[in-house]
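data17.txt follows (compact mmCIF, C-alpha atoms):
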```
# COMPACT_ATOMS: atom_id res chain seq x y z
CA MET A 1 0.00 0.00 0.00
CA THR A 2 1.12 3.54 -0.69
CA ALA A 3 0.07 6.90 0.66
CA ASP A 4 -1.01 8.17 -2.75
CA ARG A 5 -3.83 5.67 -3.27
CA PRO A 6 -6.53 4.11 -1.10
CA PRO A 7 -6.21 0.44 -0.16
CA ARG A 8 -7.58 -1.97 -2.74
CA VAL A 9 -10.24 -4.20 -1.14
CA LEU A 10 -11.69 -7.45 -2.47
CA VAL A 11 -15.01 -8.39 -0.85
CA THR A 12 -16.23 -11.97 -1.06
CA ASN A 13 -18.45 -14.34 0.94
CA ASP A 14 -19.90 -17.83 0.96
CA ASP A 15 -23.61 -16.93 0.99
CA GLY A 16 -23.58 -15.82 -2.63
CA VAL A 17 -22.91 -12.56 -4.41
CA HIS A 18 -26.44 -11.22 -3.92
CA ALA A 19 -26.73 -11.99 -0.20
CA PRO A 20 -27.54 -8.93 1.93
CA GLY A 21 -24.46 -9.26 4.12
CA ILE A 22 -21.97 -8.74 1.32
CA ARG A 23 -23.72 -5.54 0.24
CA ALA A 24 -23.43 -4.10 3.74
CA LEU A 25 -19.75 -5.00 3.99
CA ALA A 26 -18.90 -3.62 0.55
CA ARG A 27 -20.85 -0.43 1.29
CA ALA A 28 -18.99 0.14 4.56
CA ALA A 29 -15.62 -0.13 2.81
CA TYR A 30 -16.74 1.98 -0.16
CA GLU A 31 -18.12 4.76 2.01
CA ARG A 32 -14.74 5.04 3.73
CA GLY A 33 -13.04 5.78 0.44
CA LEU A 34 -11.48 2.39 -0.17
CA ASP A 35 -11.06 0.99 -3.68
CA VAL A 36 -13.63 -1.80 -3.56
CA VAL A 37 -14.34 -4.70 -5.89
CA VAL A 38 -16.73 -7.57 -5.13
CA ALA A 39 -16.18 -11.12 -6.34
CA ALA A 40 -18.27 -13.84 -4.74
CA PRO A 41 -19.84 -17.21 -5.55
CA ARG A 42 -22.80 -16.94 -7.89
CA HIS A 43 -24.57 -19.49 -5.67
CA GLU A 44 -24.31 -20.27 -1.96
CA ALA A 45 -21.07 -22.05 -1.05
CA SER A 46 -21.34 -22.43 2.72
CA GLY A 47 -19.23 -25.01 4.53
CA MET A 48 -16.58 -25.06 1.80
CA SER A 49 -13.70 -24.29 4.16
CA ALA A 50 -10.66 -23.56 1.96
CA ALA A 51 -11.72 -25.86 -0.87
CA LEU A 52 -10.57 -24.87 -4.35
CA SER A 53 -13.59 -25.87 -6.38
CA ALA A 54 -15.04 -24.30 -9.50
CA VAL A 55 -17.32 -24.81 -12.48
CA THR A 56 -15.47 -24.74 -15.77
CA GLU A 57 -16.52 -24.68 -19.41
CA ASP A 58 -13.91 -26.01 -21.82
CA GLY A 59 -11.35 -25.58 -19.07
CA ARG A 60 -12.30 -21.96 -18.42
CA LEU A 61 -13.47 -20.85 -14.98
CA VAL A 62 -16.69 -18.95 -15.47
CA PHE A 63 -17.50 -15.54 -14.01
CA GLY A 64 -19.56 -12.58 -15.12
CA GLU A 65 -20.25 -8.99 -14.17
CA THR A 66 -23.25 -8.28 -11.98
CA GLU A 67 -24.58 -5.34 -9.97
CA LEU A 68 -25.22 -5.01 -6.26
CA ASN A 69 -28.38 -3.17 -5.22
CA GLY A 70 -27.47 0.29 -3.96
CA LEU A 71 -23.83 0.05 -5.08
CA PRO A 72 -23.82 0.89 -8.80
CA ASP A 73 -20.25 2.23 -8.67
CA VAL A 74 -18.73 -0.92 -7.14
CA PRO A 75 -17.58 -3.50 -9.72
CA ALA A 76 -19.04 -6.90 -8.88
CA TYR A 77 -18.51 -10.39 -10.28
CA ALA A 78 -20.53 -13.57 -9.85
CA VAL A 79 -18.00 -16.39 -9.89
CA ALA A 80 -18.60 -20.10 -10.36
CA ALA A 81 -16.08 -20.97 -7.68
CA SER A 82 -15.64 -21.46 -3.95
CA PRO A 83 -14.72 -18.49 -1.74
CA ALA A 84 -11.15 -19.68 -1.22
CA TYR A 85 -10.66 -20.15 -4.96
CA ILE A 86 -11.90 -16.58 -5.45
CA ALA A 87 -9.29 -15.43 -2.93
CA VAL A 88 -6.62 -17.22 -4.97
CA LEU A 89 -7.87 -15.65 -8.20
CA ALA A 90 -7.87 -12.20 -6.59
CA GLY A 91 -4.24 -12.71 -5.61
CA LEU A 92 -3.47 -13.46 -9.25
CA GLY A 93 -5.03 -10.20 -10.40
CA VAL A 94 -8.08 -11.75 -12.07
CA PHE A 95 -10.46 -9.06 -10.74
CA GLY A 96 -8.13 -6.11 -11.21
CA PRO A 97 -5.11 -5.05 -9.16
CA VAL A 98 -4.12 -7.49 -6.41
CA PRO A 99 -6.00 -6.42 -3.26
CA ASP A 100 -4.31 -5.07 -0.16
CA LEU A 101 -7.19 -6.34 1.96
CA LEU A 102 -9.72 -9.13 1.59
CA LEU A 103 -13.03 -8.89 3.43
CA SER A 104 -15.15 -12.03 3.64
CA GLY A 105 -18.79 -11.89 4.73
CA ILE A 106 -20.96 -10.79 6.25
CA ASN A 107 -21.93 -14.39 6.88
CA ARG A 108 -25.44 -15.38 7.92
CA GLY A 109 -24.54 -17.07 11.19
CA ALA A 110 -21.57 -16.92 13.53
CA ASN A 111 -18.28 -18.53 12.59
CA ALA A 112 -16.84 -19.16 16.01
CA GLY A 113 -14.79 -21.70 17.91
CA HIS A 114 -12.72 -24.42 16.29
CA ALA A 115 -15.58 -24.98 13.86
CA VAL A 116 -14.14 -22.10 11.79
CA LEU A 117 -12.16 -24.90 10.14
CA HIS A 118 -15.25 -25.70 8.07
CA SER A 119 -16.33 -22.16 7.20
CA GLY A 120 -16.18 -20.92 3.63
CA THR A 121 -16.19 -17.37 4.97
CA VAL A 122 -13.13 -17.98 7.13
CA GLY A 123 -11.57 -20.25 4.50
CA ALA A 124 -11.41 -17.36 2.04
CA ALA A 125 -9.76 -15.12 4.63
CA LEU A 126 -7.20 -17.75 5.62
CA THR A 127 -6.40 -18.45 1.98
CA ALA A 128 -5.79 -14.76 1.38
CA GLY A 129 -3.62 -14.60 4.48
CA ASN A 130 -1.64 -17.61 3.32
CA ASN A 131 -0.82 -15.58 0.19
CA GLY A 132 0.28 -12.53 2.16
CA ILE A 133 -2.96 -10.53 1.91
CA ARG A 134 -4.41 -9.03 5.09
CA ALA A 135 -7.91 -10.38 5.62
CA LEU A 136 -10.99 -10.03 7.79
CA ALA A 137 -13.83 -12.56 8.04
CA VAL A 138 -17.11 -11.09 9.34
CA SER A 139 -20.16 -12.98 10.58
CA LEU A 140 -23.52 -12.02 12.08
CA ASP A 141 -24.70 -14.20 14.95
CA VAL A 142 -28.27 -14.89 13.85
CA LEU A 143 -28.57 -17.94 16.11
CA THR A 144 -28.23 -16.49 19.60
CA PRO A 145 -28.77 -12.72 19.51
CA ALA A 146 -29.09 -12.50 23.32
CA ALA A 147 -32.63 -13.93 23.24
CA ALA A 148 -31.98 -17.59 22.43
CA SER A 149 -30.27 -19.90 24.87
CA ALA A 150 -27.61 -22.42 23.97
CA GLY A 151 -29.79 -25.19 25.34
CA SER A 152 -32.91 -24.72 23.24
CA GLY A 153 -32.41 -28.08 21.58
CA GLY A 154 -32.28 -26.70 18.08
CA ALA A 155 -35.43 -24.59 18.40
CA ALA A 156 -33.52 -21.39 17.61
CA ILE A 157 -32.15 -22.95 14.43
CA ALA A 158 -35.60 -24.04 13.31
CA VAL A 159 -36.90 -20.47 13.16
CA LEU A 160 -33.98 -18.96 11.24
CA ASP A 161 -35.61 -19.39 7.86
CA SER A 162 -38.77 -17.64 9.03
CA VAL A 163 -36.93 -14.34 9.41
CA ASP A 164 -36.45 -12.04 6.43
CA ASP A 165 -32.68 -11.80 6.02
CA GLU A 166 -32.96 -8.26 4.71
CA SER A 167 -34.25 -7.20 8.13
CA ARG A 168 -31.20 -8.40 10.04
CA HIS A 169 -28.66 -5.99 11.49
CA TRP A 170 -26.03 -6.26 8.79
CA ALA A 171 -25.09 -2.61 9.25
CA THR A 172 -24.06 -3.29 12.84
CA ALA A 173 -21.52 -5.89 11.74
CA ALA A 174 -20.38 -3.77 8.80
CA GLU A 175 -19.70 -0.74 10.99
CA LEU A 176 -17.74 -2.77 13.52
CA ALA A 177 -15.74 -4.35 10.70
CA ALA A 178 -14.96 -0.88 9.36
CA THR A 179 -13.50 0.17 12.71
CA LEU A 180 -10.92 -2.61 12.38
CA LEU A 181 -9.79 -1.70 8.87
CA PRO A 182 -7.27 1.03 9.78
CA TRP A 183 -5.52 -1.35 12.18
CA LEU A 184 -5.64 -4.21 9.70
CA ALA A 185 -4.24 -2.05 6.90
CA GLU A 186 -1.12 -1.44 9.00
CA ALA A 187 -0.78 -5.00 10.31
CA ASP A 188 1.80 -7.47 9.09
CA PRO A 189 1.09 -8.96 5.66
CA GLY A 190 -0.95 -12.13 5.99
CA THR A 191 -2.70 -11.06 9.21
CA VAL A 192 -6.18 -12.59 9.46
CA LEU A 193 -8.97 -11.50 11.82
CA ASN A 194 -12.25 -13.26 12.52
CA LEU A 195 -15.10 -11.00 13.70
CA ASN A 196 -18.46 -12.18 15.05
CA VAL A 197 -21.21 -9.68 15.83
CA PRO A 198 -24.59 -10.12 17.57
CA ASP A 199 -27.65 -9.60 15.38
CA LEU A 200 -28.63 -6.47 17.31
CA PRO A 201 -28.91 -2.72 16.72
CA ALA A 202 -25.52 -1.09 17.17
CA ASP A 203 -26.51 0.64 20.41
CA GLN A 204 -27.48 -2.70 21.93
CA VAL A 205 -24.13 -4.41 21.32
CA ALA A 206 -22.29 -4.44 24.64
CA GLY A 207 -18.91 -3.74 23.05
CA LEU A 208 -16.08 -5.32 21.08
CA ARG A 209 -13.78 -7.82 22.80
CA GLN A 210 -10.66 -9.68 21.73
CA ALA A 211 -11.37 -13.38 22.09
CA THR A 212 -9.85 -16.81 21.87
CA LEU A 213 -11.47 -19.57 19.82
CA ALA A 214 -13.90 -21.72 21.77
CA PRO A 215 -12.95 -25.42 21.80
CA PHE A 216 -16.22 -26.24 20.02
CA GLY A 217 -18.56 -24.68 17.49
CA GLN A 218 -21.85 -22.89 18.00
CA VAL A 219 -23.69 -25.75 16.33
CA GLN A 220 -23.03 -29.45 16.01
CA VAL A 221 -23.96 -32.21 13.60
CA SER A 222 -26.04 -35.06 14.97
CA VAL A 223 -27.44 -38.26 13.47
CA ALA A 224 -31.18 -37.84 12.96
CA GLU A 225 -31.84 -41.16 11.26
CA ARG A 226 -29.85 -44.15 10.13
CA GLY A 227 -30.73 -47.22 8.13
CA GLU A 228 -29.34 -49.80 5.74
CA GLY A 229 -26.82 -47.96 3.57
CA PHE A 230 -27.80 -44.42 4.57
CA VAL A 231 -27.66 -41.86 7.33
CA ARG A 232 -29.49 -38.56 7.72
CA THR A 233 -27.86 -35.82 9.73
CA ALA A 234 -29.20 -32.69 11.39
CA VAL A 235 -27.67 -29.47 12.70
CA GLU A 236 -28.49 -28.39 16.23
CA GLU A 237 -27.22 -25.96 18.82
CA ASN A 238 -24.25 -27.06 20.87
CA ALA A 239 -25.35 -27.20 24.51
CA VAL A 240 -21.78 -27.31 25.86
CA ARG A 241 -21.17 -24.57 28.42
CA ALA A 242 -19.31 -21.57 26.99
CA VAL A 243 -15.71 -21.09 28.10
CA PRO A 244 -15.07 -17.56 29.47
CA GLY A 245 -12.98 -15.35 27.21
CA THR A 246 -13.83 -17.26 24.05
CA ASP A 247 -15.72 -15.92 21.06
CA ILE A 248 -18.84 -17.93 21.82
CA ALA A 249 -18.87 -16.76 25.46
CA TRP A 250 -18.60 -13.09 24.45
CA LEU A 251 -21.41 -13.51 21.92
CA ALA A 252 -23.62 -15.10 24.55
CA ASP A 253 -23.07 -12.01 26.72
CA GLY A 254 -24.06 -9.63 23.91
CA TYR A 255 -20.55 -8.59 22.84
CA ALA A 256 -18.94 -8.68 19.43
CA ALA A 257 -15.79 -10.81 19.40
CA VAL A 258 -12.67 -10.55 17.25
CA THR A 259 -9.89 -13.14 17.10
CA ALA A 260 -6.58 -13.16 15.27
CA ILE A 261 -6.28 -16.53 13.56
CA ARG A 262 -3.87 -18.31 11.27
CA ALA A 263 -3.85 -21.13 8.76
CA LEU A 264 -2.74 -24.59 9.76
CA GLY A 265 0.97 -25.22 10.19
CA HIS A 266 3.25 -28.01 11.32
CA LEU A 267 3.84 -28.86 14.99
CA PRO A 268 7.57 -28.27 15.61
CA ASP A 269 7.79 -30.04 18.99
CA VAL A 270 6.31 -33.41 18.06
CA GLU A 271 8.85 -36.25 17.78
CA LEU A 272 7.74 -38.89 15.28
CA PRO A 273 9.15 -42.45 14.93
CA VAL A 274 11.07 -41.85 11.69
CA ASP A 275 14.67 -42.06 10.54
CA ARG A 276 16.69 -38.90 10.98
```

Output the structure of this file as structure tokens.
Amino acid sequence: MTADRPPRVLVTNDDGVHAPGIRALARAAYERGLDVVVAAPRHEASGMSAALSAVTEDGRLVFGETELNGLPDVPAYAVAASPAYIAVLAGLGVFGPVPDLLLSGINRGANAGHAVLHSGTVGAALTAGNNGIRALAVSLDVLTPAAASAGSGGAAIAVLDSVDDESRHWATAAELAATLLPWLAEADPGTVLNLNVPDLPADQVAGLRQATLAPFGQVQVSVAERGEGFVRTAVEENAVRAVPGTDIAWLADGYAAVTAIRALGHLPDVELPVDR
């Protein structure tokens, strides 16, 4: 980055290019004078982690220009690829100049605890970080916005689809994300932050706290039915008690939580039974 130009920002997500969360995040960056371009999956790609998957035609990865409602001046591309693959393409200059920052989100649902391993939102950010690009993953906690308890036996999850996503508090998460951008722009290359925000009006969020990753995710997979040659799974809330100081604990108390994370690496202190 140089002083004579604004930071170049690539905004992506895993909910799809026309999801409301990505518009709020792109708008927050654009309104602060950043050079914004949006490139996101043309269809939902949740749970992709850092998978590099794409749809190709005659060996060509397909993407096309689109327009985001309310952001006519922000270039946007619908890409037939996973979020992490889009992060790789951005680093290769496919969507214009290589970005200084990658913003991923705003995801519909928290990405917290060790379950971030499976998140397409976080996977894009970690992939960018692995390539030396500063990145921020942003998620809106639509599951437990202070009203739902962690022990509701999946009842909170069941009502998610009955709520109009456009009515959620995307602006709250976008504004909090924007407050982190000046720090992130000056951080070491490859720095990755993971931000989770309650689905509440901004004046009802208790504050922003630095957090550790909880040892579990906000939801868990369970076996709903099994039979000869098949199994049917379900997603339900994790009833494990929150660990103080972790992202899930802060969310349960009405705070937004931000965590500095990194991609997987080797364990230097493990001695394995091999020849030296």

**OP:** Rounded to one decimal place, report the CA of Gly207 in chain A-CA of Ser139 in chain A distance in Å.
**Re:**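 Going from CA of Gly207 in chain A over to CA of Ser139 in chain A, I get 15.6 Å.
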
**OP:** Enter the distance from CA of Pro198 in chain A to CA of Val116 in chain A, in Å, rounded to one decimal.
**Re:**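 If I compute the distance from CA of Pro198 in chain A to CA of Val116 in chain A, I get 16.9 Å.
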
Original post:
So how many Å separate CA of Ala202 in chain A and CA of Asp188 in chain A, to one decimal?
Top reply: 29.2 Å

Original post:
Taking all atoms listed in the file into account, which of A:Val223, A:Pro6, A:Gly113, A:Leu195 comes nearest Val243 in chain A?
Top reply: A:Gly113

Subject >> Contacts of range 118-124 of chain A at 6 Å (only C-alpha atoms; same-chain gap of 4+ positions) as a PyMOL selection string >> reply: chain A and resi 13-14+46-50+83-84+87+104+137

**OP:** Find the residues near Thr66 in chain A: any atom within 8 Å, counting only C-alpha atoms, skip ones fewer than 2 places away on the same chain, and give them as a PyMOL selection string.
**Re:** chain A and resi 64+68+75-78

Original post:
Can you tell me, as a ChimeraX atom specification, what residues are no more than 7 Å from Tyr255 in chain A when counting only C-alpha atoms, ignoring any on the same chain fewer than 4 positions away?
Top reply: /A:198,205-209,250-251

Original post:
Using all atoms listed in the file, which of A:Val17, A:Leu25, A:Ala185, A:Leu213 sits nearest His169 in chain A?
Top reply: A:Leu25

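Ranking A:Leu143, A:Leu264, A:Ala187, A:Val94 by their shortest atom-to-atom distance to Ala112 in chain A, with all atoms listed in the file included, puts A:Leu143 first.
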
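Ranking A:Asp164, A:Asp253, A:Asp199, A:Asp73 by their shortest atom-to-atom distance to Ala26 in chain A, with only C-alpha atoms included, puts A:Asp73 first.
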
Subject >> Selection: 7 Å around Asn196 in chain A, only C-alpha atoms, excl. self and same-chain fewer than 2 positions, as an MDAnalysis selection string >> reply: chainID A and resid 110:111 138:141 194 198 256:258

Store the residues picked out above in a file with C-alpha atoms, as a short mmCIF file (atom, residue, chain, number, x, y, z; two decimals), in the coordinates of the input.
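Just written: part_5.cif:
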```cif
data_model
loop_
_atom_site.label_atom_id
_atom_site.label_comp_id
_atom_site.auth_asym_id
_atom_site.auth_seq_id
_atom_site.Cartn_x
_atom_site.Cartn_y
_atom_site.Cartn_z
CA ALA A 110 -21.57 -16.92 13.53
CA ASN A 111 -18.28 -18.53 12.59
CA VAL A 138 -17.11 -11.09 9.34
CA SER A 139 -20.16 -12.98 10.58
CA LEU A 140 -23.52 -12.02 12.08
CA ASP A 141 -24.70 -14.20 14.95
CA ASN A 194 -12.25 -13.26 12.52
CA PRO A 198 -24.59 -10.12 17.57
CA ALA A 256 -18.94 -8.68 19.43
CA ALA A 257 -15.79 -10.81 19.40
CA VAL A 258 -12.67 -10.55 17.25
#
```
